[in-house]
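Peer 1: Sharing protein.txt below, compact mmCIF, C-alpha atoms:
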# COMPACT_ATOMS: atom_id res chain seq x y z
CA MET A 69 -7.79 4.16 3.83
CA VAL A 70 -5.47 1.94 1.78
CA PRO A 71 -6.52 -1.61 0.81
CA ILE A 72 -5.85 -4.21 3.50
CA SER A 73 -5.28 -7.95 3.49
CA LEU A 74 -5.28 -10.41 6.37
CA GLU A 75 -3.14 -13.44 7.17
CA PHE A 76 -4.36 -16.49 9.09
CA PHE A 77 -2.83 -19.85 9.95
CA PRO A 78 -4.63 -23.21 9.67
CA PRO A 79 -6.13 -24.23 13.03
CA LYS A 80 -5.04 -27.58 14.46
CA THR A 81 -8.04 -28.29 16.72
CA PRO A 82 -11.84 -27.96 16.46
CA GLU A 83 -11.64 -25.23 19.13
CA GLY A 84 -9.04 -23.37 17.08
CA ALA A 85 -11.24 -23.66 13.99
CA ALA A 86 -14.21 -22.20 15.85
CA LYS A 87 -12.12 -19.31 17.19
CA LEU A 88 -10.72 -18.59 13.73
CA GLY A 89 -14.20 -18.63 12.21
CA ALA A 90 -15.41 -16.10 14.79
CA ALA A 91 -12.33 -13.87 14.28
CA ARG A 92 -12.78 -13.92 10.51
CA GLN A 93 -16.39 -12.82 10.76
CA ARG A 94 -15.38 -9.80 12.83
CA LEU A 95 -12.46 -8.92 10.54
CA TYR A 96 -14.57 -9.09 7.38
CA ALA A 97 -16.03 -5.75 8.50
CA LEU A 98 -12.71 -4.28 7.25
CA THR A 99 -13.53 -5.50 3.68
CA PRO A 100 -10.12 -7.13 3.09
CA GLU A 101 -8.88 -7.33 -0.49
CA PHE A 102 -7.96 -10.96 0.23
CA CYS A 103 -7.09 -13.31 3.09
CA SER A 104 -3.96 -15.44 3.00
CA VAL A 105 -3.49 -18.75 4.82
CA THR A 106 -0.05 -20.03 5.83
CA PHE A 107 1.52 -23.37 4.91
CA GLY A 108 3.57 -25.43 7.36
CA ALA A 109 7.19 -26.49 6.99
CA GLY A 110 7.47 -29.23 4.40
CA GLY A 111 3.76 -28.84 3.74
CA SER A 112 2.81 -30.18 7.19
CA THR A 113 -0.43 -28.19 7.22
CA GLN A 114 -1.12 -28.12 3.49
CA ASP A 115 -4.51 -29.85 3.79
CA GLY A 116 -5.50 -27.45 6.56
CA THR A 117 -4.38 -24.57 4.35
CA LEU A 118 -6.69 -25.63 1.52
CA GLN A 119 -9.57 -26.28 3.92
CA ALA A 120 -9.28 -22.79 5.43
CA VAL A 121 -8.99 -21.23 1.97
CA VAL A 122 -12.15 -23.02 0.79
CA GLU A 123 -14.01 -21.85 3.92
CA ILE A 124 -12.95 -18.23 3.39
CA MET A 125 -14.01 -18.34 -0.26
CA ALA A 126 -17.37 -19.88 0.75
CA GLU A 127 -17.80 -16.84 3.02
CA GLY A 128 -17.49 -14.62 -0.05
CA LYS A 129 -13.91 -13.39 0.39
CA PRO A 130 -10.94 -13.94 -1.95
CA ALA A 131 -8.34 -16.24 -0.40
CA ALA A 132 -4.69 -16.93 -1.17
CA PRO A 133 -2.96 -20.08 0.09
CA HIS A 134 0.72 -19.88 0.93
CA LEU A 135 2.74 -22.39 -1.06
CA SER A 136 6.30 -23.20 0.02
CA CYS A 137 8.57 -25.25 -2.22
CA ILE A 138 11.36 -26.39 0.08
CA GLY A 139 11.41 -30.19 0.32
CA GLN A 140 8.83 -30.43 -2.48
CA THR A 141 8.99 -32.08 -5.91
CA GLN A 142 7.63 -30.72 -9.18
CA ALA A 143 4.99 -33.46 -9.02
CA SER A 144 3.85 -32.47 -5.52
CA ILE A 145 3.66 -28.78 -6.46
CA ARG A 146 1.82 -29.63 -9.69
CA GLU A 147 -0.71 -31.62 -7.64
CA ARG A 148 -1.16 -28.73 -5.22
CA LEU A 149 -1.66 -26.24 -8.06
CA ALA A 150 -4.32 -28.48 -9.58
CA ALA A 151 -6.14 -28.66 -6.24
CA TYR A 152 -6.04 -24.86 -5.91
CA ARG A 153 -7.32 -24.35 -9.45
CA ALA A 154 -10.11 -26.86 -8.86
CA ALA A 155 -11.10 -24.96 -5.71
CA GLY A 156 -11.32 -21.68 -7.65
CA VAL A 157 -8.18 -20.10 -6.17
CA THR A 158 -6.68 -17.29 -8.29
CA ARG A 159 -4.01 -15.91 -5.93
CA ILE A 160 -1.06 -17.68 -4.29
CA VAL A 161 1.66 -16.52 -1.89
CA ALA A 162 4.71 -18.30 -3.34
CA LEU A 163 7.54 -18.90 -0.86
CA ARG A 164 10.72 -20.86 -0.48
CA GLY A 165 9.77 -21.83 3.06
CA ASP A 166 11.85 -23.08 5.97
CA LEU A 167 13.59 -26.43 5.81
CA PRO A 168 11.75 -28.77 8.20
CA SER A 169 13.79 -30.67 10.77
CA GLY A 170 15.04 -34.01 9.49
CA TYR A 171 15.18 -32.94 5.84
CA GLY A 172 18.68 -33.20 4.47
CA ALA A 173 17.87 -32.08 0.94
CA SER A 174 15.74 -29.24 -0.31
CA GLY A 175 13.72 -31.14 -2.91
CA GLU A 176 13.57 -30.02 -6.54
CA PHE A 177 13.29 -26.30 -5.80
CA ARG A 178 16.07 -24.21 -4.31
CA TYR A 179 14.63 -20.68 -4.34
CA ALA A 180 11.23 -19.02 -4.40
CA SER A 181 12.10 -17.68 -7.86
CA ASP A 182 12.27 -21.32 -9.06
CA LEU A 183 8.76 -21.90 -7.69
CA VAL A 184 7.41 -18.73 -9.32
CA ALA A 185 8.91 -19.72 -12.68
CA PHE A 186 7.45 -23.24 -12.36
CA ILE A 187 3.95 -21.93 -11.53
CA ARG A 188 4.07 -19.60 -14.53
CA ALA A 189 5.26 -22.43 -16.82
CA GLU A 190 2.51 -24.73 -15.56
CA THR A 191 -0.43 -22.35 -15.25
CA GLY A 192 0.36 -19.23 -17.28
CA ASP A 193 -1.26 -16.13 -15.82
CA HIS A 194 -4.01 -17.99 -13.94
CA PHE A 195 -2.62 -17.02 -10.52
CA HIS A 196 -1.72 -13.63 -9.08
CA LEU A 197 1.57 -14.43 -7.36
CA GLU A 198 2.61 -12.71 -4.14
CA VAL A 199 6.17 -13.21 -2.89
CA ALA A 200 8.00 -12.38 0.32
CA ALA A 201 10.05 -9.20 0.74
CA TYR A 202 12.55 -8.36 3.49
CA PRO A 203 13.09 -4.63 4.21
CA GLU A 204 15.63 -5.53 6.92
CA THR A 205 17.30 -8.21 4.72
CA HIS A 206 16.55 -11.94 4.81
CA PRO A 207 18.51 -13.51 7.71
CA GLN A 208 20.19 -16.01 5.33
CA ALA A 209 21.06 -13.49 2.60
CA ARG A 210 24.75 -13.03 1.79
CA SER A 211 24.29 -9.24 1.79
CA PRO A 212 21.54 -6.59 1.52
CA GLN A 213 22.34 -6.22 -2.19
CA ALA A 214 22.08 -9.98 -2.76
CA ASP A 215 18.70 -9.94 -1.02
CA LEU A 216 17.45 -7.10 -3.25
CA GLU A 217 18.61 -9.06 -6.30
CA ALA A 218 16.81 -12.16 -5.02
CA PHE A 219 13.55 -10.21 -4.87
CA ALA A 220 14.19 -8.82 -8.36
CA ALA A 221 14.71 -12.42 -9.58
CA LYS A 222 11.29 -13.41 -8.22
CA VAL A 223 9.67 -10.53 -10.10
CA LYS A 224 11.56 -11.41 -13.29
CA ALA A 225 10.29 -15.00 -12.91
CA GLY A 226 6.71 -13.72 -12.86
CA ALA A 227 5.75 -12.45 -9.38
CA ASN A 228 3.04 -9.76 -9.40
CA SER A 229 3.60 -8.18 -5.99
CA GLY A 230 5.37 -8.54 -2.65
CA ILE A 231 4.37 -8.74 1.00
CA THR A 232 7.05 -7.83 3.52
CA GLN A 233 8.21 -9.46 6.69
CA TYR A 234 7.00 -7.31 9.59
CA PHE A 235 9.17 -4.46 10.80
CA PHE A 236 8.88 -1.49 13.16
CA ASN A 237 11.02 1.06 11.31
CA SER A 238 9.28 2.72 8.36
CA ASP A 239 12.62 4.03 7.04
CA ALA A 240 13.71 0.43 6.40
CA TYR A 241 10.64 -0.12 4.21
CA PHE A 242 10.93 3.09 2.20
CA ARG A 243 14.67 2.60 1.62
CA TYR A 244 14.02 -0.99 0.50
CA VAL A 245 11.41 0.11 -2.04
CA ASP A 246 13.70 2.88 -3.32
CA ASP A 247 16.57 0.43 -3.73
CA LEU A 248 14.33 -1.96 -5.68
CA HIS A 249 13.20 0.88 -7.95
CA LYS A 250 16.87 1.47 -8.77
CA LEU A 251 17.01 -2.17 -9.91
CA GLY A 252 14.00 -1.57 -12.16
CA VAL A 253 11.53 -3.37 -9.86
CA ASP A 254 8.22 -1.50 -9.68
CA VAL A 255 5.66 -4.09 -8.53
CA PRO A 256 3.56 -3.17 -5.47
CA ILE A 257 5.28 -4.08 -2.19
CA VAL A 258 2.79 -4.21 0.67
CA PRO A 259 4.15 -3.84 4.21
CA GLY A 260 3.37 -6.68 6.60
CA ILE A 261 2.08 -5.42 9.95
CA MET A 262 2.45 -7.38 13.19
CA PRO A 263 0.23 -6.19 16.06
CA ILE A 264 2.00 -6.23 19.44
CA THR A 265 -0.14 -8.13 21.97
CA SER A 266 2.48 -10.25 23.78
CA SER A 267 6.10 -9.33 24.37
CA THR A 268 7.33 -12.93 24.78
CA GLN A 269 5.60 -14.01 21.57
CA LEU A 270 7.00 -11.04 19.66
CA MET A 271 10.55 -11.66 20.91
CA ARG A 272 10.31 -15.34 19.94
CA PHE A 273 8.99 -14.60 16.44
CA SER A 274 11.53 -11.86 15.85
CA ASP A 275 14.49 -13.97 16.96
CA ALA A 276 13.32 -16.71 14.57
CA CYS A 277 12.70 -14.57 11.48
CA GLY A 278 15.31 -11.83 11.85
CA ALA A 279 12.85 -8.94 12.25
CA GLU A 280 14.42 -6.18 14.35
CA ILE A 281 12.67 -4.92 17.46
CA PRO A 282 14.15 -1.45 18.11
CA ARG A 283 15.88 -1.29 21.49
CA TRP A 284 13.50 1.31 22.91
CA ILE A 285 10.49 -0.88 22.07
CA ARG A 286 12.13 -3.99 23.50
CA LEU A 287 13.04 -2.23 26.76
CA ARG A 288 9.58 -0.74 27.17
CA LEU A 289 7.93 -4.10 26.59
CA GLN A 290 10.26 -5.78 29.10
CA SER A 291 9.48 -3.07 31.66
CA PHE A 292 5.77 -3.99 31.62
CA GLY A 293 6.49 -7.52 32.83
CA ASP A 294 3.21 -9.50 32.84
CA ASP A 295 1.01 -6.40 32.58
CA THR A 296 -0.78 -7.44 29.40
CA ALA A 297 -3.06 -4.38 29.36
CA SER A 298 -0.04 -2.04 29.27
CA ILE A 299 1.69 -4.18 26.63
CA LYS A 300 -1.39 -4.08 24.38
CA SER A 301 -1.92 -0.34 24.89
CA PHE A 302 1.73 0.46 24.15
CA GLY A 303 1.72 -1.95 21.19
CA LEU A 304 -1.36 -0.28 19.74
CA ASP A 305 0.32 3.16 19.98
CA VAL A 306 3.57 1.97 18.37
CA VAL A 307 2.05 -0.02 15.51
CA ALA A 308 -0.71 2.53 14.75
CA ASP A 309 1.97 5.22 14.47
CA LEU A 310 3.97 2.96 12.13
CA CYS A 311 0.90 2.35 9.97
CA GLU A 312 0.18 6.09 9.77
CA GLN A 313 3.76 6.76 8.62
CA LEU A 314 3.40 4.07 5.96
CA VAL A 315 0.00 5.23 4.74
CA ASN A 316 1.16 8.86 4.62
CA GLY A 317 4.19 7.68 2.62
CA GLY A 318 1.95 6.18 -0.05
CA VAL A 319 2.10 2.41 0.53
CA PRO A 320 -0.10 0.31 -1.80
CA GLY A 321 -1.77 -1.50 1.10
CA LEU A 322 -1.31 -3.02 4.56
CA HIS A 323 -1.10 -6.78 5.23
CA PHE A 324 -1.99 -7.68 8.83
CA TYR A 325 -0.56 -10.76 10.53
CA THR A 326 -3.69 -11.48 12.58
CA MET A 327 -2.45 -14.51 14.59
CA ASN A 328 -6.07 -15.71 14.14
CA GLN A 329 -7.33 -12.94 16.44
CA ALA A 330 -9.51 -9.95 15.61
CA GLU A 331 -9.16 -7.48 18.49
CA ALA A 332 -5.72 -6.00 17.81
CA VAL A 333 -6.26 -5.59 14.05
CA LEU A 334 -9.67 -3.96 14.57
CA GLY A 335 -8.12 -1.57 17.10
CA LEU A 336 -5.29 -0.67 14.73
CA HIS A 337 -7.64 -0.14 11.80
CA ALA A 338 -9.88 2.16 13.86
CA ARG A 339 -6.86 4.24 14.95
CA ILE A 340 -5.42 4.55 11.43
CA LYS A 341 -8.79 5.41 9.92
CA SER A 342 -9.37 8.22 12.40
CA ALA A 343 -5.83 9.63 12.08
Could you spell out this file's structure in structure tokens?
Peer 2:
Amino acid sequence: MVPISLEFFPPKTPEGAAKLGAARQRLYALTPEFCSVTFGAGGSTQDGTLQAVVEIMAEGKPAAPHLSCIGQTQASIRERLAAYRAAGVTRIVALRGDLPSGYGASGEFRYASDLVAFIRAETGDHFHLEVAAYPETHPQARSPQADLEAFAAKVKAGANSGITQYFFNSDAYFRYVDDLHKLGVDVPIVPGIMPITSSTQLMRFSDACGAEIPRWIRLRLQSFGDDTASIKSFGLDVVADLCEQLVNGGVPGLHFYTMNQAEAVLGLHARIKSA
């Protein structure tokens, strides 16, 4: 089995924190290489991000906070880096991030490559830097080629590896990696895997981030209506098959978007392992 990593988001309530703690304990059975924790628009959950990271590290697992630079200043990023170093963090997921509502300007950073270059200038090689990759092209990219060049710029600035937006077409991933190789980019690019447990949630996420849901998957999900058992069973089949294609194709790892729940990821892992 390839190495896996897990993504969580900072809980907003004590109940959410308890549920996340329980989910983490179950998922640690998969011996993740690291766990990442997301960062809200404009840093709205940055304190929650650090708190969750510290908890994960206290449980004996490596943790990587997401750090988005949109709307941030060099001073605010420098302060955040200092807090992460003080906490013992050695891996960061460096992102541009989405512009929060009400922000007219984008702060002192325009692109994720600017953030990566700043982190390297400030901290040298202290952090392993993960960056985002888009096999189906970033929704705001001028063109697929421009998007490939944007990823190459992040690597040139000092990124160590990439984690992709989720997708359901393995050909898109393998073509993307091949195209990056042609640009001289050879860092590991780990596919991001989104379990399918709710059709409405998946449609909402995909519309927001530009991830394509193939028509046959969308129609099948819609046909199940509110039958959550059928949605989860179908989703397990589809995503397990995708993971098997990726693993057989030689991916360097799998990064699971857990949505702070254990069941779907455990089910997928069991299916892939037995394939």
Peer 1: With all atoms listed in the file as the counted atoms, please give the residues lying no more than 12 Å from A:Ala201, apart from itself and same-chain residues fewer than 6 positions off, as a CSV table (one decimal) with C-alpha atoms, in the frame of the given file.
Peer 2:
chain,number,residue,atom,x,y,z
A,161,VAL,CA,1.7,-16.5,-1.9
A,162,ALA,CA,4.7,-18.3,-3.3
A,163,LEU,CA,7.5,-18.9,-0.9
A,164,ARG,CA,10.7,-20.9,-0.5
A,180,ALA,CA,11.2,-19.0,-4.4
A,207,PRO,CA,18.5,-13.5,7.7
A,209,ALA,CA,21.1,-13.5,2.6
A,212,PRO,CA,21.5,-6.6,1.5
A,215,ASP,CA,18.7,-9.9,-1.0
A,216,LEU,CA,17.4,-7.1,-3.2
A,217,GLU,CA,18.6,-9.1,-6.3
A,218,ALA,CA,16.8,-12.2,-5.0
A,219,PHE,CA,13.6,-10.2,-4.9
A,220,ALA,CA,14.2,-8.8,-8.4
A,221,ALA,CA,14.7,-12.4,-9.6
A,222,LYS,CA,11.3,-13.4,-8.2
A,223,VAL,CA,9.7,-10.5,-10.1
A,227,ALA,CA,5.8,-12.4,-9.4
A,229,SER,CA,3.6,-8.2,-6.0
A,230,GLY,CA,5.4,-8.5,-2.6
A,231,ILE,CA,4.4,-8.7,1.0
A,232,THR,CA,7.0,-7.8,3.5
A,233,GLN,CA,8.2,-9.5,6.7
A,234,TYR,CA,7.0,-7.3,9.6
A,235,PHE,CA,9.2,-4.5,10.8
A,240,ALA,CA,13.7,0.4,6.4
A,241,TYR,CA,10.6,-0.1,4.2
A,244,TYR,CA,14.0,-1.0,0.5
A,245,VAL,CA,11.4,0.1,-2.0
A,248,LEU,CA,14.3,-2.0,-5.7
A,255,VAL,CA,5.7,-4.1,-8.5
A,256,PRO,CA,3.6,-3.2,-5.5
A,257,ILE,CA,5.3,-4.1,-2.2
A,258,VAL,CA,2.8,-4.2,0.7
A,259,PRO,CA,4.2,-3.8,4.2
A,260,GLY,CA,3.4,-6.7,6.6
A,279,ALA,CA,12.8,-8.9,12.2
Peer 1: Do you have the atom CA of A:Asp275-atom CA of A:Gly317 distance handy?
Peer 2: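 Atom CA of A:Asp275 sits 27.9 Å away from atom CA of A:Gly317.
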Peer 1: Could you check which of A:His323, A:Lys250, A:Arg243, A:Lys224 is closest to A:Cys103, using all atoms listed in the file?
Peer 2: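 Of A:His323, A:Lys250, A:Arg243, A:Lys224, the one nearest A:Cys103, counting all atoms listed in the file, is A:His323.
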Peer 1: Rounded to one decimal in Å, what is the spacing between atom CA of A:Leu197 and atom CA of A:Val157?
Peer 2: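 Value for the atom CA of A:Leu197-atom CA of A:Val157 distance: 11.3 Å.
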Peer 1: If I put a ball of radius 12 Å at (-4.1, -8.5, 14.5) in the file's coordinates, which residues poke into it when counting only C-alpha atoms, written as a ChimeraX atom specification?
Peer 2: /A:72-76,91-92,94-95,260-266,300,303-304,307-308,322-337
Peer 1: Do you have the atom CA of A:Asp166-atom CA of A:Arg283 distance handy?
Peer 2: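 The value is 27.1 Å.
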Peer 1: Can you tell me which residues surround A:Gly226 at a distance of at most 9 Å, considering all atoms listed in the file, apart from same-chain residues fewer than 6 positions away, and format the answer as a ChimeraX atom specification?
Peer 2: /A:181,184-185,187-188,193,197
Peer 1: Using all atoms listed in the file for the distances, tell me which of A:Pro130, A:Gly252, A:Ile138, A:Glu204 is nearest to A:Ile281.
Peer 2: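 Closest to A:Ile281 of all the choices is A:Glu204.
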Peer 1: For a cutoff of 7 Å around the file-coordinate point (12.2, -8.6, 26.7), which residues qualify once you count all atoms listed in the file? I'd like the result as a VMD selection string.
Peer 2: chain A and resid 267 to 268 271 286 to 287 289 to 290
Peer 1: Pick from A:Ser291, A:Gln208, A:Asn237, A:Ser104: nearest to A:Glu123, with all atoms listed in the file counted?
Peer 2: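 So, comparing all the options, the nearest one is A:Ser104.
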Peer 1: Just checking: using all atoms listed in the file, which residue out of A:Pro71, A:Gly175, A:Gly165, A:Gly156 ends up closest to A:Ala200?
Peer 2: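 Ranked by minimum distance to A:Ala200, first place goes to A:Gly165.
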Peer 1: Can you list, as a ChimeraX atom specification, every protein, DNA or RNA residue that comes within 12 Å of A:Ala154 when you count only C-alpha atoms, leaving out same-chain residues fewer than 6 positions away?
Peer 2: /A:118,122,147-148,194
Peer 1: Please produce stretch 125-144 of chain A, completed to N, CA and C atoms, as a PDB file, in the frame of the given file.
Peer 2:
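Writing the result to result-v2.pdb gives the following:
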ATOM      1  N   MET A 125     -13.371 -18.613   1.024  1.00  0.00           N
ATOM      2  CA  MET A 125     -14.010 -18.340  -0.260  1.00  0.00           C
ATOM      3  C   MET A 125     -15.515 -18.589  -0.190  1.00  0.00           C
ATOM      4  N   ALA A 126     -15.930 -19.600   0.579  1.00  0.00           N
ATOM      5  CA  ALA A 126     -17.370 -19.880   0.750  1.00  0.00           C
ATOM      6  C   ALA A 126     -18.053 -18.737   1.511  1.00  0.00           C
ATOM      7  N   GLU A 127     -17.262 -17.998   2.301  1.00  0.00           N
ATOM      8  CA  GLU A 127     -17.800 -16.840   3.020  1.00  0.00           C
ATOM      9  C   GLU A 127     -17.790 -15.567   2.170  1.00  0.00           C
ATOM     10  N   GLY A 128     -17.405 -15.735   0.897  1.00  0.00           N
ATOM     11  CA  GLY A 128     -17.490 -14.620  -0.050  1.00  0.00           C
ATOM     12  C   GLY A 128     -16.273 -13.733  -0.125  1.00  0.00           C
ATOM     13  N   LYS A 129     -15.135 -14.197   0.420  1.00  0.00           N
ATOM     14  CA  LYS A 129     -13.910 -13.390   0.390  1.00  0.00           C
ATOM     15  C   LYS A 129     -12.832 -14.078  -0.441  1.00  0.00           C
ATOM     16  N   PRO A 130     -12.055 -13.326  -1.223  1.00  0.00           N
ATOM     17  CA  PRO A 130     -10.940 -13.940  -1.950  1.00  0.00           C
ATOM     18  C   PRO A 130      -9.906 -14.479  -0.959  1.00  0.00           C
ATOM     19  N   ALA A 131      -9.324 -15.634  -1.300  1.00  0.00           N
ATOM     20  CA  ALA A 131      -8.340 -16.240  -0.400  1.00  0.00           C
ATOM     21  C   ALA A 131      -7.113 -16.687  -1.182  1.00  0.00           C
ATOM     22  N   ALA A 132      -5.965 -16.582  -0.532  1.00  0.00           N
ATOM     23  CA  ALA A 132      -4.690 -16.930  -1.170  1.00  0.00           C
ATOM     24  C   ALA A 132      -3.924 -17.900  -0.278  1.00  0.00           C
ATOM     25  N   PRO A 133      -3.782 -19.157  -0.692  1.00  0.00           N
ATOM     26  CA  PRO A 133      -2.960 -20.080   0.090  1.00  0.00           C
ATOM     27  C   PRO A 133      -1.483 -19.749  -0.056  1.00  0.00           C
ATOM     28  N   HIS A 134      -0.737 -19.925   1.020  1.00  0.00           N
ATOM     29  CA  HIS A 134       0.720 -19.880   0.930  1.00  0.00           C
ATOM     30  C   HIS A 134       1.162 -21.220   0.338  1.00  0.00           C
ATOM     31  N   LEU A 135       2.185 -21.176  -0.482  1.00  0.00           N
ATOM     32  CA  LEU A 135       2.740 -22.390  -1.060  1.00  0.00           C
ATOM     33  C   LEU A 135       4.244 -22.319  -0.955  1.00  0.00           C
ATOM     34  N   SER A 136       4.841 -23.194  -0.120  1.00  0.00           N
ATOM     35  CA  SER A 136       6.300 -23.200   0.020  1.00  0.00           C
ATOM     36  C   SER A 136       6.852 -24.398  -0.724  1.00  0.00           C
ATOM     37  N   CYS A 137       8.043 -24.219  -1.314  1.00  0.00           N
ATOM     38  CA  CYS A 137       8.570 -25.250  -2.220  1.00  0.00           C
ATOM     39  C   CYS A 137       9.718 -26.065  -1.637  1.00  0.00           C
ATOM     40  N   ILE A 138      10.225 -25.670  -0.478  1.00  0.00           N
ATOM     41  CA  ILE A 138      11.360 -26.390   0.080  1.00  0.00           C
ATOM     42  C   ILE A 138      10.944 -27.829   0.412  1.00  0.00           C
ATOM     43  N   GLY A 139      11.751 -28.797   0.030  1.00  0.00           N
ATOM     44  CA  GLY A 139      11.410 -30.190   0.320  1.00  0.00           C
ATOM     45  C   GLY A 139      10.342 -30.762  -0.598  1.00  0.00           C
ATOM     46  N   GLN A 140       9.892 -29.972  -1.590  1.00  0.00           N
ATOM     47  CA  GLN A 140       8.830 -30.430  -2.480  1.00  0.00           C
ATOM     48  C   GLN A 140       9.409 -30.884  -3.829  1.00  0.00           C
ATOM     49  N   THR A 141       8.619 -31.670  -4.553  1.00  0.00           N
ATOM     50  CA  THR A 141       8.990 -32.080  -5.910  1.00  0.00           C
ATOM     51  C   THR A 141       8.097 -31.329  -6.899  1.00  0.00           C
ATOM     52  N   GLN A 142       8.492 -31.339  -8.162  1.00  0.00           N
ATOM     53  CA  GLN A 142       7.630 -30.720  -9.180  1.00  0.00           C
ATOM     54  C   GLN A 142       6.269 -31.400  -9.197  1.00  0.00           C
ATOM     55  N   ALA A 143       6.265 -32.721  -9.007  1.00  0.00           N
ATOM     56  CA  ALA A 143       4.990 -33.460  -9.020  1.00  0.00           C
ATOM     57  C   ALA A 143       4.096 -33.025  -7.863  1.00  0.00           C
ATOM     58  N   SER A 144       4.675 -32.843  -6.678  1.00  0.00           N
ATOM     59  CA  SER A 144       3.850 -32.470  -5.520  1.00  0.00           C
ATOM     60  C   SER A 144       3.314 -31.043  -5.681  1.00  0.00           C
TER      61      SER A 144
END
